[in-house]
$ cat data-v2.cif   # mmCIF, C-alpha atoms and all ligand atoms
data_structure
loop_
_atom_site.label_atom_id
_atom_site.label_comp_id
_atom_site.auth_asym_id
_atom_site.auth_seq_id
_atom_site.Cartn_x
_atom_site.Cartn_y
_atom_site.Cartn_z
CA PRO A 10 -6.60 33.65 -13.12
CA LYS A 11 -4.73 30.42 -12.59
CA PRO A 12 -6.49 27.74 -10.56
CA LYS A 13 -5.46 27.53 -6.91
CA VAL A 14 -3.95 24.31 -5.60
CA TYR A 15 -3.02 23.27 -2.09
CA VAL A 16 -0.15 20.77 -1.96
CA THR A 17 0.26 19.14 1.45
CA ARG A 18 3.93 18.16 1.12
CA ILE A 19 7.04 18.87 -0.92
CA ILE A 20 6.60 16.06 -3.45
CA PRO A 21 9.44 14.95 -5.74
CA GLU A 22 10.10 16.58 -9.09
CA PRO A 23 8.83 16.83 -11.73
CA GLY A 24 5.55 16.98 -9.81
CA LEU A 25 5.87 20.44 -8.32
CA SER A 26 7.22 22.07 -11.50
CA MET A 27 4.37 20.61 -13.53
CA LEU A 28 1.86 22.11 -11.10
CA ARG A 29 3.62 25.48 -10.96
CA GLU A 30 3.44 25.79 -14.74
CA CYS A 31 -0.31 26.08 -14.85
CA CYS A 32 -1.51 26.65 -11.28
CA GLU A 33 -1.05 28.95 -8.38
CA ILE A 34 0.22 26.59 -5.73
CA GLU A 35 0.28 26.94 -2.00
CA LEU A 36 2.73 24.43 -0.62
CA HIS A 37 2.95 22.99 2.86
CA GLU A 38 6.72 23.49 3.01
CA SER A 39 7.75 20.19 4.55
CA LYS A 40 9.22 16.97 3.21
CA GLU A 41 8.44 15.06 6.39
CA TYR A 42 5.31 16.30 8.09
CA PRO A 43 1.71 16.75 6.98
CA PRO A 44 -0.18 19.93 7.78
CA SER A 45 -2.28 19.79 10.92
CA ARG A 46 -5.98 19.26 10.35
CA GLU A 47 -6.70 22.88 11.30
CA GLU A 48 -4.15 24.09 8.80
CA LEU A 49 -5.49 21.82 6.06
CA ILE A 50 -9.03 23.08 6.61
CA LYS A 51 -7.86 26.69 6.64
CA LYS A 52 -5.66 26.41 3.55
CA ILE A 53 -8.14 24.52 1.41
CA ARG A 54 -10.90 27.14 1.70
CA ASP A 55 -10.28 29.02 -1.56
CA LYS A 56 -8.64 26.15 -3.50
CA ASP A 57 -9.78 24.52 -6.73
CA ALA A 58 -7.62 21.45 -6.22
CA LEU A 59 -5.87 19.47 -3.51
CA LEU A 60 -2.79 17.33 -3.84
CA CYS A 61 -2.61 15.22 -0.71
CA LEU A 62 -0.80 12.23 0.77
CA LEU A 63 -2.07 9.15 2.59
CA THR A 64 -1.35 10.93 5.88
CA ASP A 65 -4.08 13.50 5.17
CA LYS A 66 -7.55 12.45 6.16
CA ILE A 67 -9.93 13.95 3.61
CA ASP A 68 -13.48 13.65 4.86
CA ALA A 69 -16.78 15.55 4.55
CA GLU A 70 -15.62 18.27 6.96
CA VAL A 71 -12.55 19.04 4.82
CA MET A 72 -14.63 19.03 1.62
CA ASP A 73 -17.26 21.30 3.19
CA ALA A 74 -14.51 23.80 3.96
CA ALA A 75 -13.64 23.98 0.25
CA PRO A 76 -16.67 24.97 -1.85
CA ASN A 77 -14.56 25.41 -5.02
CA LEU A 78 -12.79 22.06 -4.79
CA LYS A 79 -12.93 20.13 -8.07
CA VAL A 80 -10.23 17.53 -7.62
CA ILE A 81 -8.47 15.61 -4.87
CA SER A 82 -5.32 14.07 -6.28
CA THR A 83 -3.61 11.72 -3.87
CA TYR A 84 0.07 10.90 -4.09
CA SER A 85 -0.62 7.21 -3.37
CA VAL A 86 -2.32 4.23 -4.91
CA GLY A 87 -4.41 3.66 -1.78
CA PHE A 88 -7.34 6.02 -1.23
CA ASP A 89 -8.77 4.76 2.04
CA HIS A 90 -7.89 8.12 3.63
CA ILE A 91 -10.41 9.86 1.36
CA ASP A 92 -14.18 9.61 1.77
CA ILE A 93 -15.00 8.73 -1.83
CA PRO A 94 -18.84 8.80 -1.63
CA GLU A 95 -18.70 12.26 -0.04
CA ALA A 96 -16.39 13.48 -2.80
CA THR A 97 -18.58 12.01 -5.55
CA LYS A 98 -21.70 13.58 -4.05
CA ARG A 99 -20.03 16.99 -4.24
CA GLY A 100 -18.83 16.45 -7.82
CA ILE A 101 -15.19 16.27 -6.68
CA TYR A 102 -12.90 14.11 -8.81
CA VAL A 103 -10.63 11.78 -6.82
CA THR A 104 -7.50 10.49 -8.52
CA HIS A 105 -4.62 8.24 -7.40
CA THR A 106 -1.32 6.78 -8.63
CA PRO A 107 -1.80 3.14 -9.69
CA GLY A 108 0.68 1.32 -11.89
CA VAL A 109 3.73 3.47 -11.25
CA LEU A 110 4.57 1.86 -7.88
CA THR A 111 3.48 -1.69 -8.71
CA ASP A 112 6.98 -3.00 -9.46
CA ALA A 113 8.49 -1.30 -6.42
CA VAL A 114 5.93 -2.87 -4.08
CA ALA A 115 6.22 -6.30 -5.71
CA GLU A 116 10.01 -6.21 -5.41
CA PHE A 117 9.74 -5.22 -1.76
CA THR A 118 7.22 -8.00 -1.07
CA VAL A 119 9.68 -10.57 -2.42
CA GLY A 120 12.33 -8.95 -0.21
CA LEU A 121 10.15 -9.26 2.88
CA ILE A 122 9.36 -12.90 2.11
CA LEU A 123 13.07 -13.75 1.86
CA ALA A 124 13.92 -11.59 4.88
CA VAL A 125 11.47 -13.33 7.18
CA THR A 126 11.88 -16.91 5.94
CA ARG A 127 15.69 -16.76 5.68
CA ARG A 128 15.95 -14.69 8.83
CA ILE A 129 18.10 -11.99 7.27
CA VAL A 130 17.29 -9.24 9.78
CA GLU A 131 17.76 -11.59 12.74
CA ALA A 132 21.11 -12.69 11.27
CA ASP A 133 22.33 -9.13 10.95
CA LYS A 134 21.35 -8.39 14.55
CA ILE A 135 23.14 -11.51 15.75
CA ILE A 136 26.44 -10.41 14.26
CA ARG A 137 26.18 -6.82 15.43
CA SER A 138 25.33 -7.86 18.99
CA GLY A 139 28.32 -10.20 19.21
CA GLN A 140 26.29 -13.38 19.15
CA TRP A 141 28.09 -14.96 16.17
CA ASP A 142 30.30 -16.78 18.61
CA LYS A 143 30.35 -20.33 17.21
CA PRO A 144 31.85 -21.82 14.05
CA TRP A 145 29.63 -22.72 11.07
CA ASN A 146 27.06 -25.33 11.98
CA PRO A 147 24.22 -27.00 10.11
CA TYR A 148 21.45 -25.68 12.31
CA PHE A 149 22.26 -22.02 12.74
CA LEU A 150 19.50 -19.65 11.49
CA THR A 151 17.78 -22.16 9.24
CA GLY A 152 14.46 -21.44 7.57
CA PRO A 153 12.25 -22.87 4.87
CA GLU A 154 13.24 -22.97 1.19
CA LEU A 155 10.75 -21.35 -1.19
CA LYS A 156 11.05 -23.84 -4.06
CA GLY A 157 8.11 -26.21 -4.10
CA LYS A 158 6.17 -24.26 -1.51
CA THR A 159 2.72 -22.72 -1.84
CA ILE A 160 2.33 -18.98 -1.79
CA GLY A 161 -1.11 -17.53 -1.11
CA LEU A 162 -2.04 -14.14 -2.45
CA ILE A 163 -5.01 -12.38 -0.91
CA GLY A 164 -5.94 -9.97 -3.68
CA LEU A 165 -4.78 -10.23 -7.29
CA GLY A 166 -4.80 -6.69 -8.59
CA ARG A 167 -1.85 -4.96 -10.21
CA ILE A 168 0.48 -5.51 -7.25
CA GLY A 169 -0.68 -9.09 -6.64
CA VAL A 170 -0.01 -10.00 -10.28
CA ALA A 171 3.43 -8.32 -10.28
CA THR A 172 4.30 -10.20 -7.09
CA ALA A 173 3.08 -13.49 -8.58
CA LYS A 174 5.26 -12.96 -11.67
CA ARG A 175 8.37 -12.44 -9.57
CA LEU A 176 7.64 -15.29 -7.19
CA SER A 177 7.04 -17.67 -10.09
CA SER A 178 10.77 -17.70 -10.77
CA PHE A 179 11.20 -19.40 -7.39
CA GLU A 180 9.28 -22.40 -8.74
CA VAL A 181 6.43 -22.13 -6.27
CA LYS A 182 2.75 -22.92 -6.54
CA ILE A 183 0.58 -19.85 -6.15
CA LEU A 184 -2.94 -19.87 -4.78
CA TYR A 185 -4.90 -16.66 -5.01
CA TYR A 186 -8.12 -15.28 -3.72
CA ASP A 187 -9.91 -12.28 -5.17
CA LEU A 188 -13.49 -11.26 -5.87
CA GLU A 189 -12.99 -12.33 -9.47
CA ARG A 190 -11.13 -15.18 -11.05
CA ARG A 191 -8.28 -13.87 -13.24
CA TRP A 192 -8.22 -16.18 -16.25
CA ASP A 193 -5.92 -13.76 -18.07
CA VAL A 194 -3.28 -14.12 -15.36
CA GLU A 195 -3.70 -17.88 -15.10
CA THR A 196 -3.03 -18.14 -18.84
CA VAL A 197 0.32 -16.40 -18.47
CA LEU A 198 1.29 -18.00 -15.14
CA PRO A 199 0.33 -21.68 -15.16
CA ASN A 200 1.47 -22.13 -11.55
CA MET A 201 -1.50 -20.00 -10.38
CA GLN A 202 -4.69 -21.42 -8.95
CA PHE A 203 -7.84 -19.63 -7.85
CA ALA A 204 -9.29 -20.61 -4.46
CA ASP A 205 -11.58 -19.31 -1.74
CA ILE A 206 -9.94 -17.34 1.04
CA ASP A 207 -10.06 -20.15 3.61
CA THR A 208 -8.34 -22.57 1.21
CA VAL A 209 -5.66 -19.99 0.43
CA LEU A 210 -5.05 -19.49 4.15
CA SER A 211 -5.03 -23.15 5.12
CA GLU A 212 -2.86 -24.43 2.24
CA SER A 213 -0.25 -21.72 1.89
CA ASP A 214 3.23 -21.58 3.38
CA ILE A 215 3.33 -17.84 2.85
CA VAL A 216 0.28 -15.60 2.74
CA SER A 217 0.76 -12.15 1.22
CA ILE A 218 -1.92 -9.46 1.33
CA HIS A 219 -2.61 -7.30 -1.74
CA VAL A 220 -6.12 -5.93 -1.27
CA PRO A 221 -7.07 -2.29 -0.80
CA LEU A 222 -8.48 -1.21 2.55
CA THR A 223 -12.27 -0.91 2.33
CA LYS A 224 -15.06 -1.61 4.76
CA ASP A 225 -15.11 -5.16 3.39
CA THR A 226 -11.39 -5.77 3.95
CA TYR A 227 -11.11 -4.10 7.37
CA HIS A 228 -9.80 -6.82 9.74
CA LEU A 229 -10.25 -9.37 6.94
CA ILE A 230 -7.38 -11.25 8.56
CA ASN A 231 -8.76 -11.73 12.04
CA GLU A 232 -8.39 -14.37 14.73
CA GLU A 233 -10.55 -16.90 12.87
CA LYS A 234 -8.55 -16.47 9.65
CA LEU A 235 -5.16 -16.60 11.39
CA LYS A 236 -6.21 -19.88 13.03
CA LYS A 237 -6.75 -21.34 9.56
CA MET A 238 -3.11 -20.75 8.61
CA LYS A 239 -0.45 -23.46 8.97
CA LYS A 240 1.70 -23.27 12.07
CA THR A 241 4.68 -23.15 9.71
CA ALA A 242 3.28 -20.31 7.59
CA TYR A 243 4.27 -16.63 7.37
CA LEU A 244 2.02 -13.61 6.92
CA ILE A 245 3.22 -10.71 4.73
CA ASN A 246 1.43 -7.36 4.63
CA THR A 247 2.41 -4.55 2.26
CA ALA A 248 -1.19 -3.42 1.66
CA ARG A 249 -2.78 -1.56 4.58
CA GLY A 250 -2.43 -2.17 8.30
CA PRO A 251 -6.12 -2.35 9.17
CA VAL A 252 -6.64 -5.31 6.81
CA VAL A 253 -5.10 -7.33 9.65
CA ASP A 254 -6.46 -7.33 13.20
CA THR A 255 -3.20 -6.47 14.98
CA GLU A 256 -4.32 -7.75 18.35
CA ALA A 257 -5.20 -11.11 16.81
CA LEU A 258 -1.85 -11.21 15.00
CA VAL A 259 0.06 -10.59 18.23
CA LYS A 260 -1.89 -13.42 19.83
CA ALA A 261 -1.16 -15.68 16.84
CA LEU A 262 2.58 -14.95 17.13
CA ARG A 263 2.62 -15.33 20.90
CA GLU A 264 0.79 -18.65 20.80
CA GLY A 265 2.57 -20.00 17.73
CA TRP A 266 -0.42 -20.28 15.37
CA ILE A 267 1.92 -19.07 12.61
CA ALA A 268 5.70 -19.12 12.10
CA GLY A 269 6.24 -15.41 11.57
CA ALA A 270 5.27 -12.23 9.79
CA ALA A 271 6.74 -9.45 7.70
CA LEU A 272 4.89 -6.17 7.86
CA ASP A 273 5.30 -2.86 6.08
CA VAL A 274 1.98 -1.34 7.18
CA PHE A 275 0.26 -1.06 10.54
CA GLU A 276 -2.99 -0.03 12.14
CA GLN A 277 -0.97 2.58 14.00
CA GLU A 278 1.69 4.43 11.99
CA PRO A 279 4.34 5.21 13.06
CA LEU A 280 4.45 1.95 15.03
CA PRO A 281 5.83 2.77 18.48
CA PRO A 282 9.08 0.94 19.38
CA THR A 283 7.37 -0.46 22.49
CA HIS A 284 4.63 -2.16 20.45
CA PRO A 285 4.24 -5.91 21.15
CA LEU A 286 5.05 -6.65 17.47
CA THR A 287 8.61 -5.37 18.04
CA LYS A 288 9.25 -8.13 20.59
CA PHE A 289 9.26 -11.05 18.16
CA ASP A 290 12.45 -12.23 16.43
CA ASN A 291 10.32 -13.94 13.79
CA VAL A 292 8.72 -10.68 12.69
CA VAL A 293 10.32 -8.35 10.16
CA LEU A 294 9.13 -4.77 10.41
CA ALA A 295 9.39 -2.00 7.83
CA PRO A 296 8.11 1.59 8.14
CA HIS A 297 5.64 1.73 5.18
CA ILE A 298 8.32 1.85 2.49
CA ALA A 299 7.23 -0.75 -0.07
CA SER A 300 6.87 1.89 -2.79
CA ALA A 301 10.03 3.72 -1.71
CA THR A 302 12.14 3.44 -4.83
CA ILE A 303 13.48 6.71 -6.19
CA GLU A 304 11.87 5.88 -9.53
CA ALA A 305 8.43 5.07 -8.13
CA ARG A 306 8.31 8.16 -5.92
CA GLN A 307 9.18 10.38 -8.86
CA ARG A 308 6.60 8.73 -11.14
CA MET A 309 3.97 9.02 -8.40
CA ALA A 310 4.57 12.78 -8.25
CA GLU A 311 4.34 13.07 -12.01
CA LEU A 312 1.11 11.07 -12.21
CA ALA A 313 -0.46 12.92 -9.26
CA ALA A 314 0.30 16.20 -11.02
CA ARG A 315 -1.02 14.96 -14.38
CA ASN A 316 -4.23 13.76 -12.75
CA LEU A 317 -4.82 17.07 -11.04
CA ILE A 318 -4.05 19.22 -14.07
CA ALA A 319 -6.23 17.07 -16.34
CA VAL A 320 -9.31 17.59 -14.18
CA LEU A 321 -8.71 21.34 -13.97
CA LYS A 322 -8.43 21.44 -17.77
CA GLY A 323 -11.66 19.48 -18.11
CA GLU A 324 -9.87 16.44 -19.50
CA MET A 325 -10.13 12.82 -18.46
CA PRO A 326 -7.47 12.22 -15.77
CA PRO A 327 -5.22 9.17 -16.28
CA ALA A 328 -6.28 7.53 -12.99
CA LEU A 329 -9.74 8.46 -11.80
CA VAL A 330 -11.06 6.67 -8.69
CA ASN A 331 -14.72 7.74 -8.70
CA LYS A 332 -15.97 7.26 -12.27
CA GLU A 333 -19.54 8.09 -11.15
CA VAL A 334 -18.47 11.70 -10.67
CA LEU A 335 -18.42 12.10 -14.46
CA LYS A 336 -22.23 12.17 -14.38
CA ILE A 337 -22.47 14.51 -11.41
CA ARG A 338 -20.05 17.13 -12.71
CA PRO A 339 -19.26 16.36 -16.38
CA LEU A 340 -15.83 17.40 -17.64
CA GLU A 341 -15.84 20.70 -19.51
CA LYS A 342 -12.78 21.82 -21.44
CA VAL A 343 -11.09 24.86 -19.89
CA LYS A 344 -8.24 26.81 -21.50
CA MET A 345 -5.27 26.95 -19.15
C1 LIG B 401 1.20 3.64 -0.35
O1 LIG B 401 0.88 3.02 0.64
C2 LIG B 401 0.28 3.99 -1.39
O2 LIG B 401 -0.94 3.79 -1.22
O3 LIG B 401 0.72 4.52 -2.42
C1 LIG B 402 28.37 -23.41 2.62
O1 LIG B 402 29.05 -22.40 2.78
C2 LIG B 402 28.90 -24.58 1.96
O2 LIG B 402 30.06 -24.55 1.48
O3 LIG B 402 28.15 -25.57 1.87
#
$ encode --input "data-v2.cif" --output "structure tokens" --more "lines below"
Ligand code: GLV
Ligand code: GLV
Amino acid sequence: PKPKVYVTRIIPEPGLSMLRECCEIELHESKEYPPSREELIKKIRDKDALLCLLTDKIDAEVMDAAPNLKVISTYSVGFDHIDIPEATKRGIYVTHTPGVLTDAVAEFTVGLILAVTRRIVEADKIIRSGQWDKPWNPYFLTGPELKGKTIGLIGLGRIGVATAKRLSSFEVKILYYDLERRWDVETVLPNMQFADIDTVLSESDIVSIHVPLTKDTYHLINEEKLKKMKKTAYLINTARGPVVDTEALVKALREGWIAGAALDVFEQEPLPPTHPLTKFDNVVLAPHIASATIEARQRMAELAARNLIAVLKGEMPPALVNKEVLKIRPLEKVKM
């Protein structure tokens, strides 16, 4: 019999067709909404594999409901919604979609930086609301130029590097903080300099976050860190909402510790329209769409499907998160 897979959303092609070719799939027939937790737990019971999204919380309770589960393939690069140690313990392979959305997120990050510093969203609103009521003047909607400025990257993984490459064309200096110094990147991009997090925060004109959400990065950017930033600096977040303490950020914006922010991710998603963050003109908000290029979303589906199928076939998946699982449940070739 074909292995049974639960897919929690209608993902783009060719993802679904690839899965249908070799598996019996049960699909949560929605493009927009995740299954409820009750439904997820019910549907996963007899499944060998799960293809989930970042909106599905996959914890010990979900895994306990699925004794046959061999692989959790998430349609995302982030995997903070999955309890990795619990999966590893049970011999469940966890896979994700790195690489294929890197360029999309880097492009969007550059877009957010320009949007917030050059006040593009504010400008659009001004015209639409009939406030473009004066002739051209030298002071209207001015913002800082990027050339010659310092950009701080918190996290220099795939997306951080791709962002650095793009920003380098603006002739900026780039400071970065990560757990490891990236000599390989510094060789290619001579405008890059490694620094500790406090130096990055205090010397940068723009600080952009590119770390995954872990227990070590939860509220990494808190009140103390925001106070280290320049009053003229902007904070950009396309990583995960909980890396920033939202309450502290609202305070920072209210009291002018920083000049503005551009955010694609939030501690609460969807962000309600009444949220304090929506009250600031110097904040650009986006609804978690940094990877939302047609190309990236299609490649994510393809990679998520390849990951899942590989594990079921007993082959090494292209993007395994929990390498330790190889020892707990070694891969065994299966004919499919
Ligand atoms: C999006 O946030 C992702 O993790 O892919
Ligand atoms: C701007 O439009 C200029 O001509 O300087």
$ residues_around --input "data-v2.cif" --residues "range 254-262 of chain A" --least-positions-apart "2" --cutoff "12 Å" --atoms "all atoms listed in the file" --output "ChimeraX atom specification"
/A:226-246,249-252,264-272,274-277,280,284-292
$ residues_around --input "data-v2.cif" --residues "Arg167 in chain A" --least-positions-apart "6" --cutoff "9 Å" --atoms "all atoms listed in the file" --output "VMD selection string"
chain A and resid 107 to 108 111 219
$ closest_residue --input "data-v2.cif" --among "A:Arg128, A:Gly152, A:Tyr42, A:Trp145" --to "ligand LIG 402 (chain B)" --atoms "all atoms listed in the file"
A:Trp145
$ atom_distance --input "data-v2.cif" --atom1 "CA of Arg315 in chain A" --atom2 "CA of Ile298 in chain A"
23.3 Å
$ residues_near_ligand --input "data-v2.cif" --ligand "ligand LIG 401 (chain B)" --cutoff "8 Å" --atoms "all atoms listed in the file" --output "PyMOL selection string"
chain A and resi 63+84-88+106-107+110+247-249+274+297-300
$ write_last_selection --input "data-v2.cif" --atoms "C-alpha atoms" --output "compact mmCIF listing (two decimals), in the coordinates of the input"
# COMPACT_ATOMS: atom_id res chain seq x y z
CA LEU A 63 -2.07 9.15 2.59
CA TYR A 84 0.07 10.90 -4.09
CA SER A 85 -0.62 7.21 -3.37
CA VAL A 86 -2.32 4.23 -4.91
CA GLY A 87 -4.41 3.66 -1.78
CA PHE A 88 -7.34 6.02 -1.23
CA THR A 106 -1.32 6.78 -8.63
CA PRO A 107 -1.80 3.14 -9.69
CA LEU A 110 4.57 1.86 -7.88
CA THR A 247 2.41 -4.55 2.26
CA ALA A 248 -1.19 -3.42 1.66
CA ARG A 249 -2.78 -1.56 4.58
CA VAL A 274 1.98 -1.34 7.18
CA HIS A 297 5.64 1.73 5.18
CA ILE A 298 8.32 1.85 2.49
CA ALA A 299 7.23 -0.75 -0.07
CA SER A 300 6.87 1.89 -2.79
$ atom_distance --input "data-v2.cif" --atom1 "CA of Arg338 in chain A" --atom2 "CA of Leu78 in chain A"
11.8 Å
$ closest_residue --input "data-v2.cif" --among "A:Gly139, A:Gly166, A:Pro10, A:Pro23" --to "Arg308 in chain A" --atoms "all atoms listed in the file"
A:Pro23
$ residues_near_ligand --input "data-v2.cif" --ligand "ligand LIG 402 (chain B)" --cutoff "12 Å" --atoms "all atoms listed in the file" --output "PyMOL selection string"
chain A and resi 144-147+149
$ decode --input "data-v2.cif" --residues "range 198-271 of chain A" --atoms "C-alpha atoms" --output "mmCIF file, in the first residue's frame"
data_model
loop_
_atom_site.group_PDB
_atom_site.id
_atom_site.type_symbol
_atom_site.label_atom_id
_atom_site.label_comp_id
_atom_site.auth_asym_id
_atom_site.auth_seq_id
_atom_site.Cartn_x
_atom_site.Cartn_y
_atom_site.Cartn_z
ATOM 1 C CA LEU A 198 32.120 41.260 0.311
ATOM 2 C CA PRO A 199 34.925 43.499 1.589
ATOM 3 C CA ASN A 200 32.441 46.022 3.004
ATOM 4 C CA MET A 201 31.436 43.490 5.703
ATOM 5 C CA GLN A 202 32.691 43.588 9.257
ATOM 6 C CA PHE A 203 32.028 41.182 12.113
ATOM 7 C CA ALA A 204 31.041 42.709 15.469
ATOM 8 C CA ASP A 205 29.324 41.825 18.726
ATOM 9 C CA ILE A 206 25.594 42.440 18.873
ATOM 10 C CA ASP A 207 25.818 45.616 20.964
ATOM 11 C CA THR A 208 28.292 47.179 18.516
ATOM 12 C CA VAL A 209 26.058 46.266 15.580
ATOM 13 C CA LEU A 210 23.092 47.869 17.323
ATOM 14 C CA SER A 211 24.855 51.030 18.445
ATOM 15 C CA GLU A 212 26.717 51.766 15.189
ATOM 16 C CA SER A 213 24.140 50.907 12.546
ATOM 17 C CA ASP A 214 21.735 53.218 10.753
ATOM 18 C CA ILE A 215 19.587 50.261 9.792
ATOM 19 C CA VAL A 216 19.372 47.022 11.751
ATOM 20 C CA SER A 217 17.910 44.029 9.936
ATOM 21 C CA ILE A 218 17.120 40.746 11.679
ATOM 22 C CA HIS A 219 17.954 37.425 9.997
ATOM 23 C CA VAL A 220 18.113 34.864 12.801
ATOM 24 C CA PRO A 221 15.795 31.907 13.285
ATOM 25 C CA LEU A 222 13.465 31.911 16.282
ATOM 26 C CA THR A 223 14.891 29.697 19.031
ATOM 27 C CA LYS A 224 14.858 29.907 22.789
ATOM 28 C CA ASP A 225 18.093 31.898 22.508
ATOM 29 C CA THR A 226 16.684 34.457 20.066
ATOM 30 C CA TYR A 227 13.271 34.899 21.712
ATOM 31 C CA HIS A 228 13.012 38.630 22.557
ATOM 32 C CA LEU A 229 16.665 39.036 21.565
ATOM 33 C CA ILE A 230 15.744 42.592 20.622
ATOM 34 C CA ASN A 231 14.338 43.822 23.902
ATOM 35 C CA GLU A 232 14.188 47.172 25.663
ATOM 36 C CA GLU A 233 17.889 47.128 26.568
ATOM 37 C CA LYS A 234 18.914 46.363 22.974
ATOM 38 C CA LEU A 235 16.554 48.937 21.440
ATOM 39 C CA LYS A 236 18.052 51.573 23.743
ATOM 40 C CA LYS A 237 21.466 50.827 22.249
ATOM 41 C CA MET A 238 20.282 51.779 18.754
ATOM 42 C CA LYS A 239 20.785 55.276 17.318
ATOM 43 C CA LYS A 240 17.820 57.613 17.540
ATOM 44 C CA THR A 241 18.112 57.950 13.763
ATOM 45 C CA ALA A 242 18.162 54.192 13.114
ATOM 46 C CA TYR A 243 15.508 51.868 11.677
ATOM 47 C CA LEU A 244 14.690 48.301 12.679
ATOM 48 C CA ILE A 245 13.739 45.774 9.981
ATOM 49 C CA ASN A 246 12.305 42.351 10.804
ATOM 50 C CA THR A 247 11.615 39.696 8.170
ATOM 51 C CA ALA A 248 12.653 36.787 10.421
ATOM 52 C CA ARG A 249 10.169 35.930 13.165
ATOM 53 C CA GLY A 250 8.029 38.235 15.280
ATOM 54 C CA PRO A 251 9.016 36.908 18.702
ATOM 55 C CA VAL A 252 12.688 37.780 18.088
ATOM 56 C CA VAL A 253 11.571 41.324 18.944
ATOM 57 C CA ASP A 254 9.805 42.238 22.179
ATOM 58 C CA THR A 255 6.824 44.034 20.630
ATOM 59 C CA GLU A 256 5.917 45.938 23.764
ATOM 60 C CA ALA A 257 9.466 47.293 23.992
ATOM 61 C CA LEU A 258 9.394 48.223 20.302
ATOM 62 C CA VAL A 259 6.152 50.174 20.722
ATOM 63 C CA LYS A 260 7.737 52.010 23.638
ATOM 64 C CA ALA A 261 10.863 52.706 21.562
ATOM 65 C CA LEU A 262 8.753 54.168 18.741
ATOM 66 C CA ARG A 263 6.544 56.157 21.087
ATOM 67 C CA GLU A 264 9.495 57.658 22.941
ATOM 68 C CA GLY A 265 11.682 58.168 19.870
ATOM 69 C CA TRP A 266 14.548 55.814 20.773
ATOM 70 C CA ILE A 267 14.631 54.853 17.079
ATOM 71 C CA ALA A 268 13.523 56.544 13.846
ATOM 72 C CA GLY A 269 11.216 53.837 12.552
ATOM 73 C CA ALA A 270 10.661 50.201 11.736
ATOM 74 C CA ALA A 271 9.619 47.935 8.896
#
